[in-house]
Structure formats: structure tokens, C-alpha cells
$ cat start_18.txt   # compact mmCIF, C-alpha atoms and all ligand atoms
# COMPACT_ATOMS: atom_id res chain seq x y z
CA MET A 1461 -4.19 72.27 115.67
CA SER A 1462 -0.90 73.84 116.67
CA VAL A 1463 0.86 73.94 119.98
CA ASP A 1464 1.06 77.66 120.72
CA SER A 1465 3.45 78.05 123.57
CA LEU A 1466 5.67 75.06 123.32
CA ASP A 1467 6.52 73.55 126.64
CA ILE A 1468 8.90 70.67 126.02
CA ARG A 1469 9.31 68.39 128.99
CA VAL A 1470 12.81 66.94 129.23
CA LYS A 1471 13.77 63.79 131.05
CA LYS A 1472 17.53 63.30 130.82
CA VAL A 1473 19.49 60.07 130.84
CA GLU A 1474 21.20 59.22 134.11
CA LYS A 1475 24.37 58.23 132.33
CA SER A 1476 25.38 59.11 128.75
CA ARG A 1477 26.33 56.29 126.37
CA ILE A 1478 28.63 58.54 124.37
CA HIS A 1479 31.76 56.62 125.36
CA GLU A 1480 30.42 53.71 123.26
CA ILE A 1481 31.17 55.69 120.11
CA ASP A 1482 34.51 55.41 118.36
CA ALA A 1483 34.78 58.95 117.02
CA LEU A 1484 37.32 57.94 114.39
CA ASN A 1485 35.30 55.06 113.03
CA ILE A 1486 31.66 56.05 112.74
CA ASN A 1487 29.37 53.91 110.61
CA PHE A 1488 26.15 55.26 109.18
CA GLY A 1489 22.97 54.67 111.16
CA LYS A 1490 24.21 52.14 113.72
CA HIS A 1491 24.35 54.18 116.95
CA TYR A 1492 21.72 56.44 118.46
CA SER A 1493 22.30 59.37 120.76
CA ASP A 1494 21.13 59.53 124.35
CA HIS A 1495 17.77 61.20 123.80
CA MET A 1496 14.72 61.13 121.52
CA LEU A 1497 11.68 63.35 121.06
CA ILE A 1498 8.11 62.06 120.99
CA ALA A 1499 4.85 63.93 120.33
CA TYR A 1500 1.37 62.38 120.26
CA TYR A 1501 -1.56 63.41 118.07
CA GLU A 1502 -5.03 62.54 119.28
CA ASN A 1503 -8.55 64.04 119.06
CA GLY A 1504 -7.44 66.37 116.29
CA LYS A 1505 -4.49 67.96 118.06
CA TRP A 1506 -0.83 67.54 118.97
CA ALA A 1507 0.16 67.35 122.61
CA PRO A 1508 3.41 69.13 123.57
CA PRO A 1509 6.44 66.97 122.72
CA GLU A 1510 8.62 65.29 125.30
CA ILE A 1511 12.34 64.63 125.16
CA MET A 1512 13.38 61.49 126.99
CA PRO A 1513 16.07 58.82 127.01
CA PHE A 1514 16.29 56.79 123.78
CA HIS A 1515 14.23 53.67 124.33
CA ASN A 1516 12.33 50.90 122.54
CA LEU A 1517 8.67 51.44 121.72
CA TYR A 1518 5.77 49.21 122.61
CA PHE A 1519 2.79 48.74 120.24
CA SER A 1520 -0.29 46.56 119.88
CA PRO A 1521 0.13 44.11 116.98
CA ALA A 1522 -3.06 45.69 115.55
CA THR A 1523 -1.41 49.13 115.23
CA THR A 1524 -2.22 50.45 111.75
CA PHE A 1525 1.26 51.42 110.55
CA PHE A 1526 2.41 47.80 110.81
CA HIS A 1527 -0.24 46.79 108.29
CA TYR A 1528 -0.91 49.67 105.93
CA GLY A 1529 2.26 51.71 105.96
CA GLN A 1530 0.85 55.09 106.95
CA ALA A 1531 4.36 56.16 107.85
CA ILE A 1532 6.60 58.99 106.64
CA PHE A 1533 10.06 60.25 107.54
CA GLU A 1534 12.66 62.93 106.96
CA GLY A 1535 16.45 63.10 106.94
CA VAL A 1536 18.34 66.15 108.26
CA LYS A 1537 21.90 66.72 109.44
CA ALA A 1538 23.51 68.73 112.24
CA TYR A 1539 27.13 69.89 112.16
CA LYS A 1540 29.46 71.84 114.39
CA ASP A 1541 30.76 75.10 113.00
CA ALA A 1542 34.34 76.38 113.30
CA GLN A 1543 33.60 77.66 116.84
CA GLY A 1544 32.12 74.31 117.89
CA ASN A 1545 28.52 75.55 117.91
CA PRO A 1546 25.86 73.13 116.62
CA THR A 1547 23.98 74.08 113.46
CA ILE A 1548 21.22 72.26 111.58
CA PHE A 1549 21.23 72.35 107.77
CA ARG A 1550 18.00 73.74 106.26
CA PRO A 1551 15.51 72.02 108.63
CA GLN A 1552 12.67 74.35 107.58
CA ASP A 1553 12.78 72.76 104.13
CA ASN A 1554 12.47 69.30 105.66
CA TRP A 1555 9.58 70.51 107.82
CA LYS A 1556 7.73 71.77 104.74
CA ARG A 1557 8.41 68.56 102.84
CA MET A 1558 7.28 66.42 105.76
CA ASN A 1559 3.96 68.23 105.66
CA ARG A 1560 3.66 67.62 101.91
CA SER A 1561 4.24 63.92 102.61
CA ALA A 1562 1.77 64.02 105.53
CA GLU A 1563 -0.96 65.56 103.40
CA ARG A 1564 -0.63 62.95 100.64
CA MET A 1565 -0.67 60.13 103.21
CA ALA A 1566 -3.75 61.53 105.05
CA MET A 1567 -1.67 62.31 108.11
CA PRO A 1568 -1.81 65.52 110.18
CA HIS A 1569 0.50 68.46 109.57
CA ILE A 1570 3.25 68.72 112.11
CA PRO A 1571 3.45 72.22 113.63
CA LYS A 1572 6.66 74.13 113.01
CA ASN A 1573 7.42 74.57 116.69
CA ILE A 1574 7.28 70.83 117.35
CA PHE A 1575 9.46 70.00 114.33
CA ILE A 1576 11.96 72.88 114.48
CA ASP A 1577 12.01 73.93 118.15
CA GLY A 1578 11.78 70.31 119.26
CA MET A 1579 14.69 69.39 116.99
CA LYS A 1580 16.76 72.34 118.22
CA LYS A 1581 16.21 71.39 121.83
CA LEU A 1582 17.09 67.75 121.15
CA ILE A 1583 20.29 68.69 119.31
CA ASP A 1584 21.23 71.15 122.01
CA LEU A 1585 20.89 68.42 124.64
CA ASP A 1586 22.82 65.84 122.61
CA ARG A 1587 25.39 68.26 121.14
CA ALA A 1588 28.24 66.06 122.36
CA TRP A 1589 27.04 63.46 119.83
CA ILE A 1590 27.79 65.67 116.82
CA PRO A 1591 31.08 64.35 115.43
CA THR A 1592 33.49 66.93 114.07
CA SER A 1593 35.88 65.19 111.69
CA GLU A 1594 35.54 65.75 107.94
CA ASP A 1595 32.60 63.93 106.31
CA THR A 1596 30.87 63.31 109.65
CA SER A 1597 27.71 64.81 111.13
CA LEU A 1598 24.77 63.99 113.35
CA TYR A 1599 22.04 62.45 111.19
CA ILE A 1600 18.57 63.46 112.36
CA ARG A 1601 15.62 61.18 111.59
CA PRO A 1602 12.16 62.68 112.22
CA PHE A 1603 9.27 60.32 111.42
CA MET A 1604 5.52 59.96 111.88
CA LEU A 1605 3.45 56.81 112.34
CA ALA A 1606 -0.27 56.01 112.38
CA THR A 1607 -0.95 54.40 115.75
CA ASP A 1608 -4.66 53.52 115.83
CA GLU A 1609 -5.28 50.03 117.15
CA PHE A 1610 -7.59 48.86 114.40
CA ILE A 1611 -7.26 46.26 111.63
CA GLY A 1612 -9.68 47.94 109.22
CA VAL A 1613 -8.43 50.04 106.32
CA ARG A 1614 -9.13 53.72 106.86
CA PRO A 1615 -7.00 56.77 107.64
CA ALA A 1616 -5.88 56.66 111.25
CA GLU A 1617 -6.84 59.21 113.89
CA LYS A 1618 -3.90 58.74 116.26
CA PHE A 1619 -0.30 59.45 115.31
CA MET A 1620 3.16 59.66 116.82
CA PHE A 1621 5.91 62.03 115.74
CA ILE A 1622 9.39 60.98 116.79
CA ILE A 1623 12.91 62.33 116.29
CA ILE A 1624 15.97 60.17 116.83
CA THR A 1625 19.55 61.10 115.97
CA SER A 1626 22.60 59.11 114.99
CA PRO A 1627 26.27 60.10 114.57
CA ALA A 1628 27.11 59.51 110.92
CA GLY A 1629 30.20 58.94 108.86
CA PRO A 1630 30.22 58.77 105.04
CA TYR A 1631 27.25 56.90 103.54
CA TYR A 1632 29.32 55.68 100.61
CA ASN A 1633 33.07 55.60 101.05
CA LYS A 1634 33.80 55.33 97.34
CA PRO A 1635 32.23 56.35 94.00
CA VAL A 1636 29.16 54.28 93.11
CA SER A 1637 28.19 52.05 90.21
CA ILE A 1638 24.63 52.64 89.02
CA TYR A 1639 22.24 50.41 87.10
CA VAL A 1640 19.53 52.01 84.95
CA GLN A 1641 16.31 50.20 85.83
CA ASP A 1642 13.80 49.74 83.03
CA GLN A 1643 11.75 46.82 84.32
CA TYR A 1644 10.56 47.84 87.80
CA VAL A 1645 9.05 51.26 88.45
CA ARG A 1646 9.43 53.54 91.46
CA ALA A 1647 6.91 56.31 90.78
CA PHE A 1648 4.02 57.24 88.53
CA PRO A 1649 2.29 60.60 88.04
CA GLY A 1650 -0.39 60.81 90.70
CA GLY A 1651 1.51 58.43 92.98
CA ILE A 1652 3.64 59.05 96.06
CA GLY A 1653 7.10 59.34 94.51
CA PHE A 1654 7.42 62.93 95.76
CA THR A 1655 6.88 61.88 99.39
CA LYS A 1656 9.24 60.31 101.90
CA ALA A 1657 6.66 57.62 102.61
CA ALA A 1658 7.90 54.30 103.99
CA GLY A 1659 6.30 52.36 101.12
CA ASN A 1660 8.56 54.01 98.54
CA TYR A 1661 11.51 52.29 100.16
CA GLY A 1662 9.87 48.95 100.94
CA MET A 1663 8.96 48.52 97.30
CA SER A 1664 12.50 49.30 96.15
CA MET A 1665 14.17 46.58 98.23
CA TYR A 1666 13.59 43.72 95.78
CA PRO A 1667 14.85 45.49 92.62
CA THR A 1668 17.80 46.86 94.63
CA GLN A 1669 18.66 43.40 95.95
CA GLN A 1670 18.65 42.09 92.36
CA ILE A 1671 21.12 44.67 91.10
CA ARG A 1672 23.32 44.38 94.23
CA ASN A 1673 23.68 40.70 93.42
CA MET A 1674 24.87 41.78 89.99
CA GLY A 1675 27.53 44.02 91.57
CA TYR A 1676 25.90 47.45 91.29
CA ASP A 1677 25.39 49.83 94.21
CA GLN A 1678 22.14 51.58 93.34
CA ILE A 1679 19.32 51.90 90.85
CA LEU A 1680 18.62 54.84 88.59
CA TRP A 1681 14.84 54.72 88.12
CA THR A 1682 13.18 55.58 84.84
CA ASP A 1683 9.65 56.77 84.11
CA GLY A 1684 6.83 54.24 84.21
CA PHE A 1685 5.44 54.84 80.72
CA GLU A 1686 8.39 54.57 78.37
CA HIS A 1687 11.29 53.64 80.70
CA LYS A 1688 13.11 56.35 78.85
CA TYR A 1689 13.38 59.41 81.09
CA VAL A 1690 15.52 59.08 84.20
CA GLN A 1691 13.97 60.02 87.54
CA GLU A 1692 16.33 59.58 90.48
CA ILE A 1693 18.51 57.12 92.37
CA GLY A 1694 17.05 55.08 95.29
CA THR A 1695 17.79 57.70 97.94
CA MET A 1696 19.33 60.51 95.91
CA ASN A 1697 18.51 62.96 93.16
CA VAL A 1698 20.73 62.72 90.11
CA PHE A 1699 22.83 65.22 88.14
CA PHE A 1700 24.68 64.82 84.84
CA VAL A 1701 27.41 67.07 83.49
CA ILE A 1702 27.25 67.02 79.70
CA GLY A 1703 29.54 69.42 77.90
CA ASP A 1704 29.54 72.51 80.10
CA LYS A 1705 25.94 72.14 81.25
CA VAL A 1706 24.55 70.50 84.36
CA ILE A 1707 21.29 68.64 83.78
CA THR A 1708 18.89 67.21 86.36
CA PRO A 1709 15.35 65.86 85.94
CA ASP A 1710 12.68 68.48 86.67
CA ILE A 1711 10.31 68.02 89.60
CA THR A 1712 7.00 67.47 87.85
CA HIS A 1713 4.30 64.80 87.81
CA ASP A 1714 4.77 63.98 91.52
CA THR A 1715 7.38 61.36 90.64
CA ILE A 1716 10.60 62.79 92.08
CA LEU A 1717 11.55 63.57 95.66
CA GLU A 1718 12.35 67.28 95.90
CA GLY A 1719 15.71 67.03 97.60
CA VAL A 1720 17.07 69.77 99.85
CA THR A 1721 20.57 68.86 98.68
CA ARG A 1722 19.34 69.05 95.06
CA ASP A 1723 18.12 72.59 95.68
CA SER A 1724 21.39 73.55 97.44
CA VAL A 1725 23.42 72.20 94.50
CA ILE A 1726 21.32 74.05 91.91
CA THR A 1727 21.55 77.28 93.93
CA LEU A 1728 25.35 77.05 94.28
CA LEU A 1729 25.88 76.20 90.60
CA LYS A 1730 23.69 79.06 89.38
CA GLU A 1731 25.41 81.45 91.78
CA LYS A 1732 28.74 80.40 90.24
CA GLY A 1733 27.38 81.05 86.75
CA VAL A 1734 27.10 77.41 85.65
CA THR A 1735 24.16 76.59 83.35
CA VAL A 1736 21.75 74.25 85.10
CA GLU A 1737 18.89 72.70 83.16
CA GLU A 1738 15.96 71.17 85.05
CA ARG A 1739 14.17 69.19 82.38
CA PRO A 1740 13.34 65.67 81.24
CA ILE A 1741 16.54 63.81 80.33
CA SER A 1742 16.39 60.52 78.48
CA ILE A 1743 18.78 57.62 78.70
CA ASP A 1744 19.26 57.96 74.91
CA GLU A 1745 20.58 61.49 75.39
CA ILE A 1746 23.02 60.27 78.05
CA GLU A 1747 24.24 57.39 75.86
CA ALA A 1748 24.68 59.72 72.89
CA ALA A 1749 26.70 62.15 75.04
CA HIS A 1750 28.86 59.27 76.25
CA LYS A 1751 29.53 58.16 72.66
CA ALA A 1752 30.38 61.74 71.70
CA GLY A 1753 32.76 62.07 74.66
CA THR A 1754 30.82 64.93 76.28
CA PHE A 1755 29.44 62.99 79.29
CA ARG A 1756 31.86 64.29 81.89
CA GLU A 1757 30.41 63.77 85.37
CA ALA A 1758 27.43 62.19 87.13
CA PHE A 1759 26.54 62.31 90.79
CA GLY A 1760 23.75 61.69 93.24
CA THR A 1761 22.69 64.21 95.91
CA GLY A 1762 21.02 63.57 99.26
CA THR A 1763 21.31 64.41 102.94
CA ALA A 1764 22.63 60.98 103.90
CA ALA A 1765 25.21 60.64 101.10
CA SER A 1766 25.73 64.38 100.46
CA ILE A 1767 27.27 64.25 96.96
CA ALA A 1768 28.03 60.77 95.65
CA PRO A 1769 30.10 60.55 92.44
CA ILE A 1770 29.00 57.87 89.96
CA TYR A 1771 31.93 56.13 88.27
CA ALA A 1772 29.88 53.86 85.99
CA LEU A 1773 26.34 53.94 84.62
CA THR A 1774 25.03 50.72 83.11
CA TYR A 1775 22.07 50.55 80.74
CA HIS A 1776 21.44 47.07 79.33
CA ASP A 1777 24.83 45.98 77.94
CA ASP A 1778 26.20 49.49 77.78
CA LYS A 1779 28.51 50.12 80.75
CA MET A 1780 29.30 53.80 80.49
CA MET A 1781 32.52 54.54 82.36
CA LEU A 1782 33.03 58.12 83.50
CA PRO A 1783 36.43 59.89 83.32
CA PRO A 1784 38.73 59.70 86.40
CA LEU A 1785 37.36 61.61 89.39
CA GLU A 1786 40.32 64.01 89.54
CA GLN A 1787 38.98 65.60 86.33
CA TRP A 1788 35.53 66.32 87.75
CA ASP A 1789 35.68 70.07 88.29
CA ILE A 1790 32.00 70.58 89.08
CA CYS A 1791 31.39 67.67 91.45
CA ASN A 1792 34.63 68.25 93.35
CA TRP A 1793 33.96 71.96 93.70
CA LEU A 1794 30.39 71.37 94.89
CA LYS A 1795 31.46 68.84 97.48
CA LYS A 1796 33.96 71.24 98.96
CA GLU A 1797 31.69 74.30 98.77
CA LEU A 1798 28.80 72.51 100.49
CA ALA A 1799 31.07 71.09 103.19
CA ASP A 1800 32.66 74.52 103.76
CA ILE A 1801 29.22 76.07 104.26
CA ARG A 1802 28.00 73.29 106.54
CA TYR A 1803 31.11 73.31 108.74
CA GLY A 1804 30.97 77.10 108.89
CA ARG A 1805 34.31 77.60 107.14
CA ILE A 1806 32.89 80.10 104.63
CA ALA A 1807 29.99 82.57 104.72
CA ASP A 1808 26.54 81.02 104.92
CA ARG A 1809 25.23 83.45 102.30
CA HIS A 1810 21.94 81.61 101.71
CA HIS A 1811 21.12 81.31 105.43
CA TRP A 1812 21.05 77.53 105.36
CA ASN A 1813 22.59 76.85 108.77
CA LEU A 1814 20.13 77.14 111.65
CA LYS A 1815 21.91 77.87 114.92
CA VAL A 1816 20.79 75.65 117.78
C1 LIG A 1901 15.66 61.77 100.78
C2 LIG A 1901 15.68 61.46 99.33
C3 LIG A 1901 16.38 62.25 98.42
C4 LIG A 1901 17.29 63.38 98.82
O1 LIG A 1901 16.66 64.42 99.48
P1 LIG A 1901 17.50 65.37 100.43
O2 LIG A 1901 16.51 66.36 100.93
O3 LIG A 1901 18.55 65.99 99.61
O4 LIG A 1901 18.05 64.52 101.51
C5 LIG A 1901 16.27 61.96 97.07
N1 LIG A 1901 15.52 60.92 96.65
C6 LIG A 1901 14.86 60.13 97.50
C7 LIG A 1901 14.05 59.03 96.95
C8 LIG A 1901 14.93 60.37 98.87
O5 LIG A 1901 14.30 59.57 99.72

$ encode --input "start_18.txt" --output "C-alpha cells"
Amino acid sequence: MSVDSLDIRVKKVEKSRIHEIDALNINFGKHYSDHMLIAYYENGKWAPPEIMPFHNLYFSPATTFFHYGQAIFEGVKAYKDAQGNPTIFRPQDNWKRMNRSAERMAMPHIPKNIFIDGMKKLIDLDRAWIPTSEDTSLYIRPFMLATDEFIGVRPAEKFMFIIITSPAGPYYNKPVSIYVQDQYVRAFPGGIGFTKAAGNYGMSMYPTQQIRNMGYDQILWTDGFEHKYVQEIGTMNVFFVIGDKVITPDITHDTILEGVTRDSVITLLKEKGVTVEERPISIDEIEAAHKAGTFREAFGTGTAASIAPIYALTYHDDKMMLPPLEQWDICNWLKKELADIRYGRIADRHHWNLKV
């Protein structure tokens, strides 16, 4: 199953496109670096990956992923440390999660050396694409697709694993307004909410479009039984600061994506001595805290957005406004601490930065 001695063939671009990037004005997800990595799975095994110039892909219209969505992805970021050396933030955790997604979607495990060593080699080659100004990074998008040419419904036998990368600026450039969704559902126990499967995002587009038209940025999903317990935001886990405690929904019942940023935030808070509770939290509890004046901060966490402060949380007619951001001790500290670790400005005491 695994590729033992990894021999990555590299075909370099003749001419880099890096001059097309305006380093001071980087959008999220619009530009792609010079190279990509591709590995093929066939007859029960992965062939060694290849790194080649970024290019369009060519598929039969009968390819299974177009029809049945056997497709999963990951999101990782690379930074440059104070000495200008590239580092990748916690990619082993993304590798493990990708394999949890793969298993649930009847897709093959991706060997560590293809995911990690392949990623390192790709980042090394495209290191000039890692932007260095504050709040920028190189976003890394590994993904896997079912590529059988067959219109019948059954698990595929052929797959492609691909990594592309994209210089990234801030995902949100201001605090976000969140709408608590109690009509549509993202995830049920026994479902695929814990995976980064393409279908989880396709199904969220319509409800998200609805609330965008109403002026909100993102949805906070609630559980599918009672619409009472909050789960997570479209692409981020969620944290609430109530009194002097930090509360985040616990990862149970397969309904919540186990974020790497979520884990980093919990680790840093506990290390600092802050009480973190991972448990079910209901919208009633949040409303009661807001009425009592103890609802102090709320933020989303994810690789793309890092830490995104929430300035307003709306549930039915109740628009809960949070205090001014300058007063948010916990969120502001976390943002800085995480950035300092990622950019190598302080000690990487949890060994999160993988050197390329
Ligand atoms: C990717 C993602 C997150 C955040 O996970 P990170 O590992 O922190 O990037 C949270 N929720 C959903 C639904 C996601 O897709």
C-alpha cells in the first residue's frame, strides 16, 4: 500500500509566474504557485508522486467524482520564519485527518511520505511564493478525487491525490457577523460532518447564500435534533468567552470538524491557565449570558481564517452585539501568540512548525 522509498520526479517550470503576484495586495485563493504535486492510485497502490508545472486537468465526463462527490480535501499553511526559512504548520495533523476523511468516504489512505514529504518538496521548490508580510502565508490545498470512468454508483478503484498552493492574505479583513441557523442542518450523528468531504460544502452553499443576502457573513450551525446546541461555523470551529471561561462544542457524534487551529487554541489557553470547557453549549445559554452581560468574546478558528472575531451573533430577532474588540483580552492574545509561533518570533514549544 505505501510507497517505501519515495522517489519524487520533478519537472520544473521554464519560467516562473511569480512576478504576477502583487506582494502587498494578496487576495485569498486567487493565484496558484508555479508547481503542483500529483499521485495516482490504481490496482490497490499509490504510484510515486510527481511534481510538475501547475496545469489544468483533463477528465472523462463519466469520471465518478463529478457525479457522486467522492472527493475530500485539506487546508494547511506554510510560513517563513524570522530567518526566512519555510515552515509548515502542523501538517501531520492534516495528514491524519485526511485519512479519517478518506476512510469514511471509502477512499484509500494516503501514505505519510506522499503527503508530508511530497508537500515539503513542493514547498521547498516554490518557497519564493510564501509571502512574508503580517497575516499572509502560503495556503496549501491537498485533495483526493475518485477517478474511475464509470456512471454506476459504487466506491471507485482509481484515485488522484493532488497538492496545489496559493499565496494568501487575510480570509476576512474585518470581524464577522454570524447568523445562528436553525432551519437547515449541516451534520447528523453518523454522517460526514467530521470529514473535509466536498459534499459538506456543496450542501452549505444555499443556506449561506440566503443569509449573505440578509447581510450576514457566515452561519453558525446547530444540531439536527433540537436546533439547540451549536456546532460550528461554515469553515471554522467556534469559541465563546463567557465570564472567565472559554467554551467550545466538544467533538462527539461525528458532527464537528476537528480543527487543527481549534486544538492549537485549546492547547495555548490551557498552557496559559485559562479554563477551557469542551462540552455541548446551547444557544439558550449564550443568550442568557448575553442578557447577564457575561458574554465577552466569540471567535471562529480555522487554517484559512486563523482566528476570526465575531462582532454580532443573531438568533431569530435577537442580535447579540459583542463588546468592542479592543476589550477582547483572550482573542487578541491568541491571535498574537499563534502568529508569533507561526512566524518563528517565539519558541515553538509544542513542535508545531515543520521545517521544510
Ligand atoms: C477546515 C474546517 C475547520 C477548521 O479546521 P482547521 O484544521 O483549523 O483548518 C472547521 N470547520 C470546518 C467545517 C472546516 O472545513

$ closest_residue --input "start_18.txt" --among "A:Arg1739, A:Lys1730, A:Arg1557, A:Arg1805" --to "ligand LIG 1901 (chain A)" --atoms "all atoms listed in the file"
A:Arg1557

$ residues_near_ligand --input "start_18.txt" --ligand "ligand LIG 1901 (chain A)" --cutoff "6 Å" --atoms "all atoms listed in the file" --output "compact mmCIF listing (two decimals) with C-alpha atoms, in the frame of the given file"
# COMPACT_ATOMS: atom_id res chain seq x y z
CA GLY A 1535 16.45 63.10 106.94
CA LYS A 1656 9.24 60.31 101.90
CA GLY A 1694 17.05 55.08 95.29
CA THR A 1695 17.79 57.70 97.94
CA MET A 1696 19.33 60.51 95.91
CA ASN A 1697 18.51 62.96 93.16
CA LEU A 1717 11.55 63.57 95.66
CA GLY A 1719 15.71 67.03 97.60
CA VAL A 1720 17.07 69.77 99.85
CA THR A 1721 20.57 68.86 98.68
CA ARG A 1722 19.34 69.05 95.06
CA THR A 1761 22.69 64.21 95.91
CA GLY A 1762 21.02 63.57 99.26
CA THR A 1763 21.31 64.41 102.94

$ residues_around --input "start_18.txt" --residues "Glu1510 in chain A" --least-positions-apart "3" --cutoff "8 Å" --atoms "only C-alpha atoms" --output "list in words"
Ile1468, Arg1469, Val1470, Lys1471, Leu1497, Ile1498 and Ala1499 of chain A

$ closest_residue --input "start_18.txt" --among "A:Arg1802, A:Met1780, A:Asp1704, A:Thr1774" --to "Thr1754 in chain A" --atoms "all atoms listed in the file"
A:Asp1704

$ atom_distance --input "start_18.txt" --atom1 "CA of Tyr1666 in chain A" --atom2 "CA of Glu1563 in chain A"
27.3 Å

$ atom_distance --input "start_18.txt" --atom1 "CA of Gly1612 in chain A" --atom2 "CA of Thr1524 in chain A"
8.3 Å

$ residues_near_point --input "start_18.txt" --point "(8.1, 69.6, 122.8)" --cutoff "12 Å" --atoms "all atoms listed in the file" --output "compact mmCIF listing (two decimals) with C-alpha atoms, keeping the file's coordinate frame"
# COMPACT_ATOMS: atom_id res chain seq x y z
CA SER A 1462 -0.90 73.84 116.67
CA VAL A 1463 0.86 73.94 119.98
CA ASP A 1464 1.06 77.66 120.72
CA SER A 1465 3.45 78.05 123.57
CA LEU A 1466 5.67 75.06 123.32
CA ASP A 1467 6.52 73.55 126.64
CA ILE A 1468 8.90 70.67 126.02
CA ARG A 1469 9.31 68.39 128.99
CA VAL A 1470 12.81 66.94 129.23
CA LYS A 1471 13.77 63.79 131.05
CA MET A 1496 14.72 61.13 121.52
CA LEU A 1497 11.68 63.35 121.06
CA ILE A 1498 8.11 62.06 120.99
CA ALA A 1499 4.85 63.93 120.33
CA TYR A 1500 1.37 62.38 120.26
CA TRP A 1506 -0.83 67.54 118.97
CA ALA A 1507 0.16 67.35 122.61
CA PRO A 1508 3.41 69.13 123.57
CA PRO A 1509 6.44 66.97 122.72
CA GLU A 1510 8.62 65.29 125.30
CA ILE A 1511 12.34 64.63 125.16
CA MET A 1512 13.38 61.49 126.99
CA ILE A 1570 3.25 68.72 112.11
CA PRO A 1571 3.45 72.22 113.63
CA LYS A 1572 6.66 74.13 113.01
CA ASN A 1573 7.42 74.57 116.69
CA ILE A 1574 7.28 70.83 117.35
CA PHE A 1575 9.46 70.00 114.33
CA ILE A 1576 11.96 72.88 114.48
CA ASP A 1577 12.01 73.93 118.15
CA GLY A 1578 11.78 70.31 119.26
CA MET A 1579 14.69 69.39 116.99
CA LYS A 1580 16.76 72.34 118.22
CA LYS A 1581 16.21 71.39 121.83
CA LEU A 1582 17.09 67.75 121.15
CA PHE A 1621 5.91 62.03 115.74
CA ILE A 1622 9.39 60.98 116.79
CA ILE A 1623 12.91 62.33 116.29

$ residues_around --input "start_18.txt" --residues "Arg1614 in chain A" --least-positions-apart "2" --cutoff "12 Å" --atoms "only C-alpha atoms" --output "VMD selection string"
chain A and resid 1524 to 1525 1527 to 1530 1565 to 1567 1606 1608 to 1612 1616 to 1618

$ atom_distance --input "start_18.txt" --atom1 "CA of Met1604 in chain A" --atom2 "CA of Ala1562 in chain A"
8.4 Å

$ closest_residue --input "start_18.txt" --among "A:Phe1700, A:Tyr1632, A:Tyr1661, A:Phe1514" --to "Glu1757 in chain A" --atoms "only C-alpha atoms"
A:Phe1700

$ closest_residue --input "start_18.txt" --among "A:Gly1653, A:Pro1591, A:Pro1627, A:Gly1544" --to "Asp1494 in chain A" --atoms "all atoms listed in the file"
A:Pro1627

$ closest_residue --input "start_18.txt" --among "A:Glu1737, A:Gly1650, A:Pro1635, A:Thr1715" --to "Cys1791 in chain A" --atoms "all atoms listed in the file"
A:Pro1635

$ axis_aligned_box --input "start_18.txt" --around "range 1789-1793 of chain A" --padding-each-side "4 Å" --output "JSON"
{"center_x": 33.5, "center_y": 69.8, "center_z": 91.0, "size_x": 12.3, "size_y": 12.3, "size_z": 13.4}

$ residues_near_point --input "start_18.txt" --point "(38.6, 68.3, 83.0)" --cutoff "12 Å" --atoms "all atoms listed in the file" --output "PyMOL selection string"
chain A and resi 1701-1704+1753-1757+1782-1792

$ closest_residue --input "start_18.txt" --among "A:Met1620, A:Leu1598, A:Ile1638, A:Ala1765" --to "Lys1779 in chain A" --atoms "all atoms listed in the file"
A:Ile1638

$ residues_around --input "start_18.txt" --residues "Arg1564 in chain A" --least-positions-apart "6" --cutoff "10 Å" --atoms "only C-alpha atoms" --output "number ranges by chain"
A: 1651-1652, 1654-1655, 1657

$ closest_atom_pairs --input "start_18.txt" --of "range 1589-1678 of chain A" --to "range 1539-1542 of chain A" --cutoff "12 Å" --atoms "all atoms listed in the file" --output "JSON lines"
{"residue": "A:Trp1589", "atom": "CA", "partner": "A:Tyr1539", "partner_atom": "CA", "distance": 10.0}
{"residue": "A:Ile1590", "atom": "CA", "partner": "A:Tyr1539", "partner_atom": "CA", "distance": 6.3}
{"residue": "A:Pro1591", "atom": "CA", "partner": "A:Tyr1539", "partner_atom": "CA", "distance": 7.5}
{"residue": "A:Thr1592", "atom": "CA", "partner": "A:Lys1540", "partner_atom": "CA", "distance": 6.4}
{"residue": "A:Ser1593", "atom": "CA", "partner": "A:Lys1540", "partner_atom": "CA", "distance": 9.6}
{"residue": "A:Glu1594", "atom": "CA", "partner": "A:Tyr1539", "partner_atom": "CA", "distance": 10.3}
{"residue": "A:Asp1595", "atom": "CA", "partner": "A:Tyr1539", "partner_atom": "CA", "distance": 10.0}
{"residue": "A:Thr1596", "atom": "CA", "partner": "A:Tyr1539", "partner_atom": "CA", "distance": 8.0}
{"residue": "A:Ser1597", "atom": "CA", "partner": "A:Tyr1539", "partner_atom": "CA", "distance": 5.2}
{"residue": "A:Leu1598", "atom": "CA", "partner": "A:Tyr1539", "partner_atom": "CA", "distance": 6.5}
{"residue": "A:Tyr1599", "atom": "CA", "partner": "A:Tyr1539", "partner_atom": "CA", "distance": 9.1}
{"residue": "A:Ile1600", "atom": "CA", "partner": "A:Tyr1539", "partner_atom": "CA", "distance": 10.7}
{"residue": "A:Pro1627", "atom": "CA", "partner": "A:Tyr1539", "partner_atom": "CA", "distance": 10.1}
{"residue": "A:Ala1628", "atom": "CA", "partner": "A:Tyr1539", "partner_atom": "CA", "distance": 10.5}
{"residue": "A:Gly1629", "atom": "CA", "partner": "A:Tyr1539", "partner_atom": "CA", "distance": 11.8}
